[in-house]
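Enquirer: Sharing a structure, written as C-alpha cells. Questions coming.
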Amino acid sequence: MHLTLSDYIIDLAQNSVEAGGDVVFVDLVERLDGTVRVYISDDGRGMDGETLARVRDPFFTGGGKHEKRRVGLGISFLAQFMAQCGGTWDISSEKGVGTSLFFEYDGRNPDAPPLGDLPATVTCILTLPGKFDMKFTRALGDESYTVMRSEVIEVFGDISDSETLLALREFVRSSEKELTEKGN
C-alpha cells in the first residue's frame, strides 16, 4: 500500500530504472495554490501500445522485471489515488524510446497523502543499483533545487557507502528546509 507521495515516487522511479533507462527524470512541483505535480520519464525500453494498455491492469506486470512477482500494482494504486483525490494522470510510452508518466492533484484535498520522508526517498531512488543517471528536481512555488546522480557519484565516488548516503540525505534535508522557508 502506498501511504505517502514519497511511496509513489519510489515505486514509479524504480520502474524507470528497471526499464533500462540511461537517464531518468523525476520532477516534484508544489505550486503555491496547493497543486502537486509529479513527472517521471526515462529513455528505457518503452512499451508497445498493447503493453501500455495493459499496465492499468493490477494483474499484469512486464515480463522479466520481477522474477517471482506476477502483479504490478504501482499504476493501479496511482489510478486509485488520483480518483480519490480528483486528480489526473497520464502515461505515454514508445517501444525503444522510453516512458513518461505525469500526475497532478490538489494537495489540500483531505484524501491526498502526506509528502512523506522526501530526503529518504531521494536518497533511495538516487542510489538504486545500476548504471544510469537520474535528475531529481523539487520545486515549491518559484524556488527549487536539483540533485543529479552523476554529480553525487563524481563528488563521493561510491554511492552505496554509508557516509555518502548520510551526506546525500542531509543535503536533501537541508535543501528541503531552505525551500520550505523560502516558500512560506
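Letters A, B, ... go to the chains of the C-alpha cells in the order shown; residues in each chain start at 1; ligands are counted from 1 in the same order.
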Write out as a list in words which residues come within 8 Å of segment 100-107 of chain A when counting only C-alpha atoms, dropping same-chain ones fewer than 3 positions away.
Expert: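 Everything that qualifies: Gly34, Thr35, Val36, Arg37, Val38, Tyr39, Ile40, Ser41, Asp42, Met82, Cys85, Gly86, Gly87, Thr88, Trp89, Asp90, Ile91, Ser92, Ser93, Ala112 and Pro113 of chain A.
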Enquirer: So which residues touch segment 142-144 of chain A within 10 Å, counting only C-alpha atoms, skipping near sequence neighbours fewer than 5 positions away, as a PDB file with N, CA and C atoms, in the first residue's frame?
Expert:
ATOM      1  N   LEU A  28       9.178  16.960  -8.973  1.00  0.00           N
ATOM      2  CA  LEU A  28       8.111  17.132  -7.991  1.00  0.00           C
ATOM      3  C   LEU A  28       7.908  18.624  -7.810  1.00  0.00           C
ATOM      4  N   VAL A  29       6.724  19.095  -8.182  1.00  0.00           N
ATOM      5  CA  VAL A  29       6.431  20.523  -8.137  1.00  0.00           C
ATOM      6  C   VAL A  29       5.197  20.750  -7.274  1.00  0.00           C
ATOM      7  N   GLU A  30       5.335  21.592  -6.277  1.00  0.00           N
ATOM      8  CA  GLU A  30       4.198  22.039  -5.480  1.00  0.00           C
ATOM      9  C   GLU A  30       4.006  23.522  -5.769  1.00  0.00           C
ATOM     10  N   ARG A  31       2.850  23.834  -6.317  1.00  0.00           N
ATOM     11  CA  ARG A  31       2.556  25.239  -6.578  1.00  0.00           C
ATOM     12  C   ARG A  31       1.958  25.857  -5.324  1.00  0.00           C
ATOM     13  N   LEU A  32       2.036  27.157  -5.224  1.00  0.00           N
ATOM     14  CA  LEU A  32       1.549  27.849  -4.031  1.00  0.00           C
ATOM     15  C   LEU A  32       0.039  27.732  -3.872  1.00  0.00           C
ATOM     16  N   THR A 137      14.368  16.892  -9.453  1.00  0.00           N
ATOM     17  CA  THR A 137      14.114  18.318  -9.284  1.00  0.00           C
ATOM     18  C   THR A 137      12.901  18.492  -8.386  1.00  0.00           C
ATOM     19  N   SER A 175      18.194  21.151   1.855  1.00  0.00           N
ATOM     20  CA  SER A 175      17.591  21.795   0.679  1.00  0.00           C
ATOM     21  C   SER A 175      16.084  21.931   0.858  1.00  0.00           C
ATOM     22  N   GLU A 176      15.443  20.900   1.420  1.00  0.00           N
ATOM     23  CA  GLU A 176      14.002  20.954   1.701  1.00  0.00           C
ATOM     24  C   GLU A 176      13.677  22.033   2.719  1.00  0.00           C
ATOM     25  N   GLU A 178      15.439  24.731   3.428  1.00  0.00           N
ATOM     26  CA  GLU A 178      15.624  26.036   2.794  1.00  0.00           C
ATOM     27  C   GLU A 178      14.479  26.352   1.839  1.00  0.00           C
ATOM     28  N   LEU A 179      14.054  25.354   1.091  1.00  0.00           N
ATOM     29  CA  LEU A 179      12.955  25.531   0.131  1.00  0.00           C
ATOM     30  C   LEU A 179      11.663  25.906   0.845  1.00  0.00           C
ATOM     31  N   THR A 180      11.323  25.191   1.892  1.00  0.00           N
ATOM     32  CA  THR A 180      10.060  25.475   2.599  1.00  0.00           C
ATOM     33  C   THR A 180      10.118  26.808   3.330  1.00  0.00           C
ATOM     34  N   LYS A 182      11.780  29.462   2.257  1.00  0.00           N
ATOM     35  CA  LYS A 182      11.623  30.479   1.214  1.00  0.00           C
ATOM     36  C   LYS A 182      10.211  30.483   0.650  1.00  0.00           C
ATOM     37  N   GLY A 183       9.588  29.295   0.596  1.00  0.00           N
ATOM     38  CA  GLY A 183       8.260  29.167   0.010  1.00  0.00           C
ATOM     39  C   GLY A 183       7.149  29.728   0.865  1.00  0.00           C
TER      40      GLY A 183
END
Enquirer: Write down as number ranges by chain the residues of segment 22-125 of chain A whose backbone DSSP state falls under strand (DSSP E).
Expert: A: 23-30, 35-42, 88-94, 98-106
Enquirer: May I have the residues from that selection written out with C-alpha atoms, as an mmCIF file, in the first residue's frame?
Expert:
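Saved to part-v9.cif:
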data_model
loop_
_atom_site.group_PDB
_atom_site.id
_atom_site.type_symbol
_atom_site.label_atom_id
_atom_site.label_comp_id
_atom_site.auth_asym_id
_atom_site.auth_seq_id
_atom_site.Cartn_x
_atom_site.Cartn_y
_atom_site.Cartn_z
ATOM 1 C CA VAL A 23 18.624 8.846 -17.863
ATOM 2 C CA VAL A 24 15.632 9.142 -15.532
ATOM 3 C CA PHE A 25 13.979 12.461 -14.691
ATOM 4 C CA VAL A 26 11.870 12.935 -11.566
ATOM 5 C CA ASP A 27 10.200 16.308 -11.060
ATOM 6 C CA LEU A 28 8.111 17.132 -7.991
ATOM 7 C CA VAL A 29 6.431 20.523 -8.137
ATOM 8 C CA GLU A 30 4.198 22.039 -5.480
ATOM 9 C CA THR A 35 -1.421 21.836 -6.773
ATOM 10 C CA VAL A 36 1.081 18.973 -6.681
ATOM 11 C CA ARG A 37 2.585 17.774 -9.973
ATOM 12 C CA VAL A 38 4.870 14.798 -10.465
ATOM 13 C CA TYR A 39 6.562 13.965 -13.744
ATOM 14 C CA ILE A 40 8.746 10.882 -14.201
ATOM 15 C CA SER A 41 10.339 9.984 -17.512
ATOM 16 C CA ASP A 42 13.015 7.690 -18.820
ATOM 17 C CA THR A 88 -5.437 13.483 -13.230
ATOM 18 C CA TRP A 89 -2.721 11.268 -14.600
ATOM 19 C CA ASP A 90 -1.390 10.017 -17.882
ATOM 20 C CA ILE A 91 1.238 7.627 -19.109
ATOM 21 C CA SER A 92 2.787 7.534 -22.558
ATOM 22 C CA SER A 93 5.405 5.243 -23.966
ATOM 23 C CA GLU A 94 7.082 4.266 -27.187
ATOM 24 C CA GLY A 98 11.046 5.424 -23.224
ATOM 25 C CA THR A 99 8.131 6.160 -20.957
ATOM 26 C CA SER A 100 6.693 9.308 -19.385
ATOM 27 C CA LEU A 101 4.262 9.430 -16.504
ATOM 28 C CA PHE A 102 2.535 12.522 -15.174
ATOM 29 C CA PHE A 103 0.086 13.067 -12.336
ATOM 30 C CA GLU A 104 -1.401 16.136 -10.694
ATOM 31 C CA TYR A 105 -3.759 16.689 -7.781
ATOM 32 C CA ASP A 106 -4.781 19.244 -5.186
#
Enquirer: Find the residue from A:Leu168, A:Val155, A:Val147, A:Val97 that sits nearest to Asp48 of chain A; use only C-alpha atoms when measuring.
Expert: A:Val97
Enquirer: Expressed in Å to a single decimal, how great is the separation between atom CA of Arg45 of chain A and atom CA of Ser16 of chain A?
Expert: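 Straight-line distance from atom CA of Arg45 of chain A to atom CA of Ser16 of chain A works out to 9.2 Å.
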Enquirer: Please extract the residues of segment 11-146 of chain A with a backbone DSSP assignment of alpha helix (DSSP H) and present them as number ranges by chain.
Expert: A: 11-18, 49-54, 74-85, 118-126
Enquirer: Find the residue from A:Ala139, A:Ile159, A:Leu166, A:Ala120 that sits nearest to Ile9 of chain A; use only C-alpha atoms when measuring.
Expert: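 Using only C-alpha atoms, Ile9 of chain A sits closest to A:Ala120.
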Enquirer: Restricting the calculation to only C-alpha atoms, which member of A:Lys131, A:Thr123, A:Leu115, A:Lys95 is positioned closest to Gly21 of chain A?
Expert: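 Smallest distance to Gly21 of chain A is found for A:Lys131.
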Enquirer: Name all residues at most 8 Å from Thr146 of chain A (count only C-alpha atoms; drop same-chain ones fewer than 3 positions away) and give them as a list in words.
Expert: Lys135, Phe136, Thr137 and Arg138 of chain A
Enquirer: Between A:Val172, A:Cys124, A:Val55, A:Leu140, which residue has the minimum interatomic distance to Leu78 of chain A, considering only C-alpha atoms?
Expert: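 Going through A:Val172, A:Cys124, A:Val55, A:Leu140 one by one, the smallest distance to Leu78 of chain A is for A:Val55.
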